[in-house]
file my_file12.pdb (PDB, C-alpha atoms)
ATOM      1  CA  MET V  11     -20.361  38.453  32.724
ATOM      2  CA  HIS V  12     -21.243  34.761  32.922
ATOM      3  CA  GLN V  13     -23.328  33.542  35.803
ATOM      4  CA  ASN V  14     -21.710  31.293  38.414
ATOM      5  CA  THR V  15     -24.540  28.764  38.521
ATOM      6  CA  GLN V  16     -23.022  25.353  37.912
ATOM      7  CA  PRO V  17     -24.716  23.945  34.798
ATOM      8  CA  TYR V  18     -26.355  20.554  35.023
ATOM      9  CA  LEU V  19     -26.436  20.090  31.262
ATOM     10  CA  SER V  20     -23.808  21.230  28.718
ATOM     11  CA  LEU V  21     -24.312  21.394  24.948
ATOM     12  CA  VAL V  22     -21.200  21.256  22.753
ATOM     13  CA  VAL V  23     -21.881  22.664  19.280
ATOM     14  CA  PRO V  24     -19.094  22.568  16.628
ATOM     15  CA  CYS V  25     -19.605  25.256  13.978
ATOM     16  CA  TYR V  26     -17.997  25.900  10.621
ATOM     17  CA  ASN V  27     -19.553  28.557   8.375
ATOM     18  CA  GLU V  28     -22.967  28.179  10.001
ATOM     19  CA  GLU V  29     -24.061  31.831  10.051
ATOM     20  CA  ALA V  30     -27.366  30.937   8.403
ATOM     21  CA  VAL V  31     -28.477  28.529  11.141
ATOM     22  CA  ILE V  32     -26.779  29.654  14.372
ATOM     23  CA  GLN V  33     -29.575  31.943  15.560
ATOM     24  CA  LEU V  34     -32.301  29.401  14.788
ATOM     25  CA  PHE V  35     -30.353  26.659  16.553
ATOM     26  CA  TYR V  36     -29.824  28.877  19.590
ATOM     27  CA  GLU V  37     -33.518  29.685  19.883
ATOM     28  CA  GLN V  38     -34.546  26.033  19.583
ATOM     29  CA  ALA V  39     -31.838  24.895  22.009
ATOM     30  CA  ILE V  40     -32.907  27.457  24.613
ATOM     31  CA  LYS V  41     -36.508  26.325  24.274
ATOM     32  CA  THR V  42     -35.583  22.645  24.650
ATOM     33  CA  CYS V  43     -33.169  23.109  27.557
ATOM     34  CA  THR V  44     -35.525  25.465  29.401
ATOM     35  CA  SER V  45     -38.258  22.826  29.237
ATOM     36  CA  ILE V  46     -35.984  20.452  31.189
ATOM     37  CA  ASN V  47     -36.034  23.015  33.999
ATOM     38  CA  THR V  48     -32.396  22.647  35.040
ATOM     39  CA  PRO V  49     -29.271  24.879  34.769
ATOM     40  CA  PHE V  50     -27.566  24.510  31.397
ATOM     41  CA  GLU V  51     -24.899  25.999  29.151
ATOM     42  CA  ILE V  52     -24.326  26.068  25.407
ATOM     43  CA  ILE V  53     -20.741  26.045  24.145
ATOM     44  CA  PHE V  54     -20.270  26.983  20.513
ATOM     45  CA  VAL V  55     -16.912  25.996  19.019
ATOM     46  CA  ASP V  56     -16.067  28.083  15.957
ATOM     47  CA  ASP V  57     -13.785  25.949  13.805
ATOM     48  CA  GLY V  58     -12.133  28.832  11.957
ATOM     49  CA  SER V  59     -15.262  29.908  10.088
ATOM     50  CA  LYS V  60     -14.826  32.318   7.173
ATOM     51  CA  ASP V  61     -18.305  33.849   7.466
ATOM     52  CA  ASP V  62     -19.985  35.700  10.361
ATOM     53  CA  THR V  63     -20.424  32.631  12.561
ATOM     54  CA  LEU V  64     -18.053  33.943  15.231
ATOM     55  CA  LYS V  65     -19.656  37.405  15.189
ATOM     56  CA  ILE V  66     -23.126  35.956  15.755
ATOM     57  CA  VAL V  67     -21.920  33.594  18.470
ATOM     58  CA  ARG V  68     -20.058  36.415  20.237
ATOM     59  CA  GLN V  69     -23.135  38.629  20.192
ATOM     60  CA  THR V  70     -25.264  35.793  21.525
ATOM     61  CA  ALA V  71     -22.795  35.101  24.351
ATOM     62  CA  ASN V  72     -22.772  38.774  25.323
ATOM     63  CA  LYS V  73     -26.565  38.755  25.634
ATOM     64  CA  ASP V  74     -27.002  35.368  27.308
ATOM     65  CA  ALA V  75     -24.763  34.257  30.185
ATOM     66  CA  ARG V  76     -25.651  30.640  29.484
ATOM     67  CA  VAL V  77     -23.789  30.801  26.170
ATOM     68  CA  ARG V  78     -20.014  30.409  25.909
ATOM     69  CA  TYR V  79     -17.760  30.021  22.903
ATOM     70  CA  VAL V  80     -14.320  28.959  21.748
ATOM     71  CA  SER V  81     -12.883  30.146  18.436
ATOM     72  CA  PHE V  82      -9.938  28.560  16.612
ATOM     73  CA  SER V  83      -7.169  30.434  14.816
ATOM     74  CA  ARG V  84      -7.994  28.414  11.665
ATOM     75  CA  ASN V  85      -9.998  25.394  10.560
ATOM     76  CA  PHE V  86      -8.721  22.372  12.503
ATOM     77  CA  GLY V  87     -11.616  20.045  11.696
ATOM     78  CA  LYS V  88     -14.707  18.816  13.479
ATOM     79  CA  GLU V  89     -12.828  16.313  15.635
ATOM     80  CA  ALA V  90     -10.717  19.115  17.108
ATOM     81  CA  ALA V  91     -13.839  21.239  17.639
ATOM     82  CA  LEU V  92     -15.559  18.419  19.511
ATOM     83  CA  LEU V  93     -12.502  17.924  21.706
ATOM     84  CA  ALA V  94     -12.250  21.633  22.511
ATOM     85  CA  GLY V  95     -15.896  21.748  23.512
ATOM     86  CA  LEU V  96     -15.637  18.646  25.673
ATOM     87  CA  GLN V  97     -12.610  20.082  27.446
ATOM     88  CA  ALA V  98     -14.508  23.293  28.197
ATOM     89  CA  VAL V  99     -17.764  21.871  29.591
ATOM     90  CA  ARG V 100     -18.763  22.269  33.247
ATOM     91  CA  GLY V 101     -21.977  20.276  33.307
ATOM     92  CA  GLU V 102     -22.699  16.907  34.843
ATOM     93  CA  TYR V 103     -24.248  15.674  31.596
ATOM     94  CA  ILE V 104     -22.870  16.587  28.191
ATOM     95  CA  VAL V 105     -24.506  16.693  24.765
ATOM     96  CA  THR V 106     -22.573  16.847  21.489
ATOM     97  CA  ILE V 107     -24.730  18.141  18.643
ATOM     98  CA  ASP V 108     -24.411  19.812  15.238
ATOM     99  CA  ALA V 109     -25.883  23.225  14.526
ATOM    100  CA  ASP V 110     -27.258  22.389  11.066
ATOM    101  CA  GLY V 111     -30.635  21.149  12.316
ATOM    102  CA  GLN V 112     -30.081  17.507  11.343
ATOM    103  CA  ASP V 113     -29.878  16.464  14.990
ATOM    104  CA  PRO V 114     -33.346  16.657  16.626
ATOM    105  CA  LEU V 115     -33.091  18.705  19.812
ATOM    106  CA  SER V 116     -36.377  17.138  20.878
ATOM    107  CA  LEU V 117     -34.480  13.935  21.714
ATOM    108  CA  ILE V 118     -32.425  15.570  24.484
ATOM    109  CA  PRO V 119     -35.021  15.120  27.286
ATOM    110  CA  GLN V 120     -35.359  11.459  26.339
ATOM    111  CA  MET V 121     -31.572  11.061  26.243
ATOM    112  CA  LEU V 122     -31.274  12.613  29.679
ATOM    113  CA  GLU V 123     -33.910  10.231  30.992
ATOM    114  CA  VAL V 124     -31.993   7.260  29.567
ATOM    115  CA  VAL V 125     -28.708   8.242  31.241
ATOM    116  CA  VAL V 126     -30.035   9.620  34.522
ATOM    117  CA  SER V 127     -32.824   7.148  35.282
ATOM    118  CA  GLN V 128     -32.086   3.987  33.290
ATOM    119  CA  GLY V 129     -28.468   3.460  34.310
ATOM    120  CA  TYR V 130     -26.834   4.036  30.921
ATOM    121  CA  ASP V 131     -23.590   5.986  30.579
ATOM    122  CA  CYS V 132     -24.440   7.341  27.151
ATOM    123  CA  ALA V 133     -27.445   7.818  24.888
ATOM    124  CA  GLY V 134     -26.690   8.048  21.179
ATOM    125  CA  ALA V 135     -28.828   8.926  18.183
ATOM    126  CA  ARG V 136     -28.838   6.961  14.947
ATOM    127  CA  ARG V 137     -30.654   7.544  11.691
ATOM    128  CA  ILE V 138     -32.740   4.632  10.484
ATOM    129  CA  ASN V 139     -32.628   5.870   6.886
ATOM    130  CA  ARG V 140     -30.714   8.309   4.687
ATOM    131  CA  LYS V 141     -33.651   9.973   2.999
ATOM    132  CA  GLY V 142     -32.554  13.085   1.119
ATOM    133  CA  GLU V 143     -28.922  12.031   0.712
ATOM    134  CA  PRO V 144     -27.364  11.391  -2.722
ATOM    135  CA  PRO V 145     -27.657   7.650  -3.536
ATOM    136  CA  VAL V 146     -23.912   7.284  -4.198
ATOM    137  CA  ARG V 147     -23.025   8.778  -0.837
ATOM    138  CA  SER V 148     -25.532   6.561   0.976
ATOM    139  CA  PHE V 149     -24.209   3.471  -0.822
ATOM    140  CA  PHE V 150     -20.586   4.077   0.169
ATOM    141  CA  ALA V 151     -21.570   5.039   3.719
ATOM    142  CA  ARG V 152     -23.274   1.676   4.193
ATOM    143  CA  ARG V 153     -20.260  -0.136   2.702
ATOM    144  CA  PHE V 154     -17.999   1.694   5.153
ATOM    145  CA  TYR V 155     -20.016   0.613   8.194
ATOM    146  CA  ARG V 156     -20.038  -3.004   6.993
ATOM    147  CA  LEU V 157     -16.304  -2.896   6.404
ATOM    148  CA  MET V 158     -15.649  -1.466   9.860
ATOM    149  CA  LYS V 159     -17.689  -4.250  11.457
ATOM    150  CA  LYS V 160     -15.539  -6.847   9.697
ATOM    151  CA  ILE V 161     -12.046  -5.461  10.160
ATOM    152  CA  ALA V 162     -12.193  -3.320  13.315
ATOM    153  CA  ASP V 163     -12.216  -4.465  16.920
ATOM    154  CA  ILE V 164     -15.129  -2.136  17.659
ATOM    155  CA  GLU V 165     -18.752  -1.954  16.575
ATOM    156  CA  VAL V 166     -19.485   1.220  14.657
ATOM    157  CA  VAL V 167     -23.267   1.489  14.482
ATOM    158  CA  ASP V 168     -24.689   2.189  11.033
ATOM    159  CA  GLY V 169     -26.365   5.587  10.962
ATOM    160  CA  ALA V 170     -24.739   6.715  14.213
ATOM    161  CA  ARG V 171     -24.395  10.467  14.576
ATOM    162  CA  ASP V 172     -22.076  12.536  16.739
ATOM    163  CA  PHE V 173     -25.287  13.582  18.490
ATOM    164  CA  ARG V 174     -25.174  11.930  21.915
ATOM    165  CA  LEU V 175     -25.550  12.605  25.638
ATOM    166  CA  MET V 176     -22.976  11.265  28.103
ATOM    167  CA  ASN V 177     -22.333  11.430  31.813
ATOM    168  CA  ARG V 178     -19.202  12.840  33.443
ATOM    169  CA  LYS V 179     -17.560   9.409  33.809
ATOM    170  CA  TYR V 180     -17.929   8.777  30.086
ATOM    171  CA  LEU V 181     -16.587  12.260  29.294
ATOM    172  CA  GLU V 182     -13.470  11.741  31.408
ATOM    173  CA  ALA V 183     -12.809   8.475  29.570
ATOM    174  CA  VAL V 184     -13.059  10.284  26.205
ATOM    175  CA  LEU V 185     -10.669  13.008  27.357
ATOM    176  CA  SER V 186      -8.194  10.399  28.624
ATOM    177  CA  MET V 187      -7.444   9.454  25.004
ATOM    178  CA  PRO V 188      -4.803  11.984  23.860
ATOM    179  CA  GLU V 189      -4.332  10.747  20.283
ATOM    180  CA  ARG V 190      -3.988  13.343  17.509
ATOM    181  CA  ASN V 191      -5.678  11.234  14.833
ATOM    182  CA  ARG V 192      -9.124  11.281  16.391
ATOM    183  CA  PHE V 193     -12.115   9.372  15.053
ATOM    184  CA  SER V 194     -15.008   9.912  17.455
ATOM    185  CA  LYS V 195     -17.236   7.280  15.863
ATOM    186  CA  GLY V 196     -14.550   4.788  16.838
ATOM    187  CA  ILE V 197     -13.473   6.304  20.146
ATOM    188  CA  PHE V 198     -16.966   6.187  21.637
ATOM    189  CA  PRO V 199     -17.598   2.450  21.093
ATOM    190  CA  TRP V 200     -13.974   1.580  21.961
ATOM    191  CA  LEU V 201     -14.508   2.970  25.454
ATOM    192  CA  GLY V 202     -17.218   0.446  26.220
ATOM    193  CA  PHE V 203     -19.719   1.596  28.855
ATOM    194  CA  ARG V 204     -23.451   1.136  28.449
ATOM    195  CA  THR V 205     -24.918   2.976  25.479
ATOM    196  CA  LYS V 206     -28.535   3.069  24.356
ATOM    197  CA  TRP V 207     -29.383   4.089  20.801
ATOM    198  CA  LEU V 208     -32.403   6.220  20.019
ATOM    199  CA  GLU V 209     -33.597   5.970  16.433
ATOM    200  CA  TYR V 210     -35.082   8.712  14.280
ATOM    201  CA  GLU V 211     -35.906   9.493  10.669
ATOM    202  CA  ASN V 212     -33.237  11.376   8.750
ATOM    203  CA  ILE V 213     -33.639  15.168   8.840
ATOM    204  CA  GLU V 214     -32.232  17.349   6.072
ATOM    205  CA  ARG V 215     -30.231  20.499   6.793
ATOM    206  CA  VAL V 216     -32.254  23.587   7.687
ATOM    207  CA  THR V 217     -30.435  25.594   5.029
ATOM    208  CA  GLY V 218     -27.274  25.546   2.960
ATOM    209  CA  LYS V 219     -25.180  22.572   1.870
ATOM    210  CA  THR V 220     -23.054  20.174   3.852
ATOM    211  CA  ARG V 221     -19.313  20.875   4.017
ATOM    212  CA  TRP V 222     -18.627  17.150   3.922
ATOM    213  CA  SER V 223     -17.696  16.368   0.332
ATOM    214  CA  PHE V 224     -17.354  12.807  -0.898
ATOM    215  CA  TRP V 225     -13.554  13.096  -0.762
ATOM    216  CA  LYS V 226     -13.589  14.394   2.826
ATOM    217  CA  LEU V 227     -15.868  11.552   3.882
ATOM    218  CA  PHE V 228     -13.585   9.077   2.111
ATOM    219  CA  THR V 229     -10.437  10.312   3.853
ATOM    220  CA  TYR V 230     -12.300  10.448   7.173
ATOM    221  CA  SER V 231     -13.295   6.813   6.657
ATOM    222  CA  LEU V 232      -9.663   5.889   5.986
ATOM    223  CA  ASP V 233      -8.684   7.629   9.223
ATOM    224  CA  GLY V 234     -11.226   5.525  11.086
ATOM    225  CA  ILE V 235     -10.040   2.245   9.570
ATOM    226  CA  ILE V 236      -6.378   2.986  10.249
ATOM    227  CA  ALA V 237      -7.049   4.274  13.765
ATOM    228  CA  PHE V 238      -8.975   1.199  14.915
ATOM    229  CA  SER V 239      -7.717  -1.716  12.856
ATOM    230  CA  SER V 240      -4.342  -3.226  11.987
ATOM    231  CA  LYS V 241      -5.891  -5.697   9.543
ATOM    232  CA  PRO V 242      -4.896  -3.665   6.454
ATOM    233  CA  LEU V 243      -1.284  -4.402   7.445
ATOM    234  CA  ALA V 244      -2.142  -8.091   7.656
ATOM    235  CA  ILE V 245      -3.768  -7.868   4.214
ATOM    236  CA  ALA V 246      -0.583  -6.324   2.809
ATOM    237  CA  SER V 247       1.471  -9.166   4.294
ATOM    238  CA  ILE V 248      -0.889 -11.822   2.942
ATOM    239  CA  LEU V 249      -0.786 -10.274  -0.544
ATOM    240  CA  GLY V 250       3.011 -10.341  -0.401
ATOM    241  CA  ILE V 251       3.029 -14.024   0.525
ATOM    242  CA  VAL V 252       0.496 -14.916  -2.187
ATOM    243  CA  LEU V 253       2.468 -13.060  -4.864
ATOM    244  CA  PHE V 254       5.665 -14.747  -3.732
ATOM    245  CA  LEU V 255       4.038 -18.184  -4.107
ATOM    246  CA  VAL V 256       2.612 -17.258  -7.518
ATOM    247  CA  ALA V 257       6.002 -16.009  -8.689
ATOM    248  CA  LEU V 258       7.679 -19.170  -7.377
ATOM    249  CA  SER V 259       5.162 -21.305  -9.259
ATOM    250  CA  PHE V 260       5.887 -19.420 -12.490
ATOM    251  CA  ILE V 261       9.624 -19.867 -12.012
ATOM    252  CA  ILE V 262       9.247 -23.619 -11.505
ATOM    253  CA  PHE V 263       6.952 -23.844 -14.548
ATOM    254  CA  ILE V 264       9.391 -21.933 -16.765
ATOM    255  CA  VAL V 265      12.390 -24.014 -15.636
ATOM    256  CA  ILE V 266      10.561 -27.320 -16.183
ATOM    257  CA  ARG V 267       9.273 -26.166 -19.566
ATOM    258  CA  ARG V 268      12.774 -25.174 -20.625
ATOM    259  CA  LEU V 269      14.367 -28.441 -19.457
ATOM    260  CA  VAL V 270      11.674 -30.756 -20.834
ATOM    261  CA  TYR V 271      10.599 -29.075 -24.062
ATOM    262  CA  GLY V 272      13.520 -26.763 -24.728
ATOM    263  CA  ASP V 273      11.119 -23.966 -25.721
ATOM    264  CA  PRO V 274      12.366 -20.423 -25.390
ATOM    265  CA  VAL V 275      10.452 -18.271 -22.982
ATOM    266  CA  ALA V 276       7.815 -16.510 -25.079
ATOM    267  CA  GLY V 277       5.041 -14.077 -24.334
ATOM    268  CA  TRP V 278       6.281 -10.496 -23.986
ATOM    269  CA  ALA V 279       2.742  -9.196 -23.374
ATOM    270  CA  SER V 280       2.037 -11.638 -20.559
ATOM    271  CA  THR V 281       5.385 -10.835 -18.953
ATOM    272  CA  ILE V 282       4.667  -7.115 -18.981
ATOM    273  CA  SER V 283       1.185  -7.765 -17.568
ATOM    274  CA  VAL V 284       2.638  -9.759 -14.687
ATOM    275  CA  ILE V 285       5.213  -7.053 -13.982
ATOM    276  CA  LEU V 286       2.588  -4.304 -13.975
ATOM    277  CA  PHE V 287       0.285  -6.368 -11.783
ATOM    278  CA  CYS V 288       2.995  -7.074  -9.235
ATOM    279  CA  SER V 289       4.142  -3.450  -9.281
ATOM    280  CA  GLY V 290       0.593  -2.278  -8.646
ATOM    281  CA  ILE V 291       0.234  -4.624  -5.682
ATOM    282  CA  GLN V 292       3.573  -3.432  -4.304
ATOM    283  CA  LEU V 293       2.520   0.214  -4.568
ATOM    284  CA  PHE V 294      -0.818  -0.603  -2.954
ATOM    285  CA  THR V 295       0.775  -2.355   0.031
ATOM    286  CA  THR V 296       3.411   0.368   0.304
ATOM    287  CA  GLY V 297       0.591   2.901   0.430
ATOM    288  CA  ILE V 298      -1.000   1.020   3.332
ATOM    289  CA  LEU V 299       2.296   1.071   5.210
ATOM    290  CA  GLY V 300       2.671   4.750   4.377
ATOM    291  CA  GLN V 301      -0.710   5.597   5.892
ATOM    292  CA  TYR V 302       0.202   3.968   9.198
ATOM    293  CA  LEU V 303       3.619   5.616   9.124
ATOM    294  CA  ALA V 304       2.024   9.017   8.502
ATOM    295  CA  LYS V 305      -0.250   8.557  11.531
ATOM    296  CA  ILE V 306       2.736   7.616  13.689
ATOM    297  CA  TYR V 307       4.556  10.714  12.407
ATOM    298  CA  THR V 308       1.617  12.915  13.412
ATOM    299  CA  GLU V 309       1.438  11.378  16.886
ATOM    300  CA  VAL V 310       5.180  11.681  17.503
ATOM    301  CA  LYS V 311       5.223  15.410  16.690
ATOM    302  CA  GLN V 312       2.838  16.022  19.597
ATOM    303  CA  ARG V 313       1.419  19.202  18.107
ATOM    304  CA  PRO V 314      -1.681  20.606  19.835
ATOM    305  CA  HIS V 315      -5.045  19.472  18.537
ATOM    306  CA  PHE V 316      -6.062  23.106  17.975
ATOM    307  CA  ILE V 317      -5.060  26.722  18.636
ATOM    308  CA  VAL V 318      -7.601  28.935  20.395
ATOM    309  CA  LYS V 319      -7.777  32.488  19.052
ATOM    310  CA  GLU V 320     -10.609  33.713  21.261
ATOM    311  CA  ALA V 321     -12.890  32.417  23.976
ATOM    312  CA  GLY V 322     -15.767  33.874  25.907
TER     313      GLY V 322
END
call {"tool": "encode", "arguments": {"input": "my_file12.pdb", "output": "structure tokens"}}
result
Amino acid sequence: MHQNTQPYLSLVVPCYNEEAVIQLFYEQAIKTCTSINTPFEIIFVDDGSKDDTLKIVRQTANKDARVRYVSFSRNFGKEAALLAGLQAVRGEYIVTIDADGQDPLSLIPQMLEVVVSQGYDCAGARRINRKGEPPVRSFFARRFYRLMKKIADIEVVDGARDFRLMNRKYLEAVLSMPERNRFSKGIFPWLGFRTKWLEYENIERVTGKTRWSFWKLFTYSLDGIIAFSSKPLAIASILGIVLFLVALSFIIFIVIRRLVYGDPVAGWASTISVILFCSGIQLFTTGILGQYLAKIYTEVKQRPHFIVKEAG
């Protein structure tokens, strides 16, 4: 049975195949939260794990009334897991944090101080370096953040993690956004409010390998761009206009050349090159339109963000 004490602090912990680190995270989280000397709860969200993550979390919840959990019927993704945890919290102040050990629990007291005593609505954590990451991944991550700053109407902070502490007002604003295509790194800054960033050196995973492959990160980045910027549509339109003007110029050149010099139109290779180039641009712009259309299709279906199989 869970205790009725209203928690002051709630930790939301998305988990996917984290059996190797769950127990260690729990022990460290209990130590950190106990040092704050205030009622707290830890909510593990099992995102359809295929290992013993749910079993370990269930056992932990049965032993400790401060631990609760939500388990999905399948893997719905980290964004869905975060949303489920945020919907389940009861605390006045809420922390979102990963279980892999890359988010320093030692920052939580400082985060709480920032929000409670300094008048901020949210305290976020950002890495000041990417030590230990593959160079290619770090390179493209930095390019993504620069691109988002240029084309989006929000400021996505380079190195920002999902590790943050927010007050109840901030939480209610997050939950007021019902969109299916969720991109938390964009949702948080879009809301506004006062946010203070706490910096720290990158920390490698306690054990195991990240489930975020390069392709998953790439598609996640595309989701973020499409969700918070319409400029790719403007780019597609501009490319169409430019190609139209180029084609018109070629037509005028060919007509004048034919009338003045009487030369037959030559250059099969150049013609094919122009056709292939234009076709490639058309497919590229059609793909941009298709991405936005696919997001609209997902929103219109109004399917639930996740299906809960078990909760405790």
call {"tool": "closest_residue", "arguments": {"input": "my_file12.pdb", "among": "V:Ile52, V:Leu19, V:Ala304, V:Leu253", "to": "Asp108 of chain V", "atoms": "all atoms listed in the file"}}
result
V:Ile52
call {"tool": "atom_distance", "arguments": {"input": "my_file12.pdb", "atom1": "atom CA of Leu185 of chain V", "atom2": "atom CA of Glu37 of chain V"}}
result
29.3 Å
call {"tool": "closest_residue", "arguments": {"input": "my_file12.pdb", "among": "V:Trp207, V:Phe54, V:Tyr103, V:Tyr302", "to": "Arg171 of chain V", "atoms": "all atoms listed in the file"}}
result
V:Trp207
call {"tool": "atom_distance", "arguments": {"input": "my_file12.pdb", "atom1": "atom CA of Glu102 of chain V", "atom2": "atom CA of Thr48 of chain V"}}
result
11.3 Å
call {"tool": "closest_residue", "arguments": {"input": "my_file12.pdb", "among": "V:Ser83, V:Ser259, V:Ser194, V:Ser247", "to": "Thr295 of chain V", "atoms": "only C-alpha atoms"}}
result
V:Ser247
call {"tool": "closest_residue", "arguments": {"input": "my_file12.pdb", "among": "V:Glu189, V:Gly196, V:Ile262, V:Ala244", "to": "Val310 of chain V", "atoms": "all atoms listed in the file"}}
result
V:Glu189
call {"tool": "closest_residue", "arguments": {"input": "my_file12.pdb", "among": "V:Val252, V:Leu21, V:Val67, V:Leu122", "to": "Thr106 of chain V", "atoms": "only C-alpha atoms"}}
result
V:Leu21
call {"tool": "resolve_selection", "arguments": {"input": "my_file12.pdb", "expression": "the PyMOL selection byres ((chain V and resi 20) around 12)", "output": "ChimeraX atom specification"}}
result
/V:16-19,21-23,39-40,43,48-54,76-78,95-107,118,122,174-178,181
call {"tool": "closest_residue", "arguments": {"input": "my_file12.pdb", "among": "V:Leu293, V:Leu115, V:Leu34, V:Ala94", "to": "Thr70 of chain V", "atoms": "all atoms listed in the file"}}
result
V:Leu34
call {"tool": "resolve_selection", "arguments": {"input": "my_file12.pdb", "expression": "the PyMOL selection byres ((chain V and resi 86) around 9)", "output": "list of chain:residue names"}}
result
V:Asp57, V:Gly58, V:Phe82, V:Ser83, V:Arg84, V:Asn85, V:Gly87, V:Lys88, V:Glu89, V:Ala90, V:Ala91, V:His315, V:Phe316, V:Ile317
call {"tool": "residues_around", "arguments": {"input": "my_file12.pdb", "residues": "Lys65 of chain V", "least_positions_apart": "2", "cutoff": "12 Å", "atoms": "all atoms listed in the file", "output": "list in words"}}
result
Asn27, Glu28, Glu29, Ile32, Gln33, Phe54, Asp56, Gly58, Ser59, Lys60, Asp61, Asp62, Thr63, Val67, Arg68, Gln69, Thr70, Ala71, Asn72, Tyr79, Val80, Ser81, Glu320 and Gly322 of chain V
call {"tool": "resolve_selection", "arguments": {"input": "my_file12.pdb", "expression": "the PyMOL selection byres ((chain V and resi 204) around 10)", "output": "PDB file with C-alpha atoms, in the coordinates of the input"}}
result
ATOM      1  CA  VAL V 125     -28.708   8.242  31.241  1.00  0.00           C
ATOM      2  CA  GLY V 129     -28.468   3.460  34.310  1.00  0.00           C
ATOM      3  CA  TYR V 130     -26.834   4.036  30.921  1.00  0.00           C
ATOM      4  CA  ASP V 131     -23.590   5.986  30.579  1.00  0.00           C
ATOM      5  CA  CYS V 132     -24.440   7.341  27.151  1.00  0.00           C
ATOM      6  CA  ALA V 133     -27.445   7.818  24.888  1.00  0.00           C
ATOM      7  CA  TYR V 180     -17.929   8.777  30.086  1.00  0.00           C
ATOM      8  CA  PRO V 199     -17.598   2.450  21.093  1.00  0.00           C
ATOM      9  CA  LEU V 201     -14.508   2.970  25.454  1.00  0.00           C
ATOM     10  CA  GLY V 202     -17.218   0.446  26.220  1.00  0.00           C
ATOM     11  CA  PHE V 203     -19.719   1.596  28.855  1.00  0.00           C
ATOM     12  CA  THR V 205     -24.918   2.976  25.479  1.00  0.00           C
ATOM     13  CA  LYS V 206     -28.535   3.069  24.356  1.00  0.00           C
TER      14      LYS V 206
END
call {"tool": "residues_around", "arguments": {"input": "my_file12.pdb", "residues": "Thr308 of chain V", "least_positions_apart": "4", "cutoff": "9 Å", "atoms": "only C-alpha atoms", "output": "ChimeraX atom specification"}}
result
/V:190-191,303-304,312-313
call {"tool": "atom_distance", "arguments": {"input": "my_file12.pdb", "atom1": "atom CA of Ile138 of chain V", "atom2": "atom CA of Ser116 of chain V"}}
result
16.7 Å
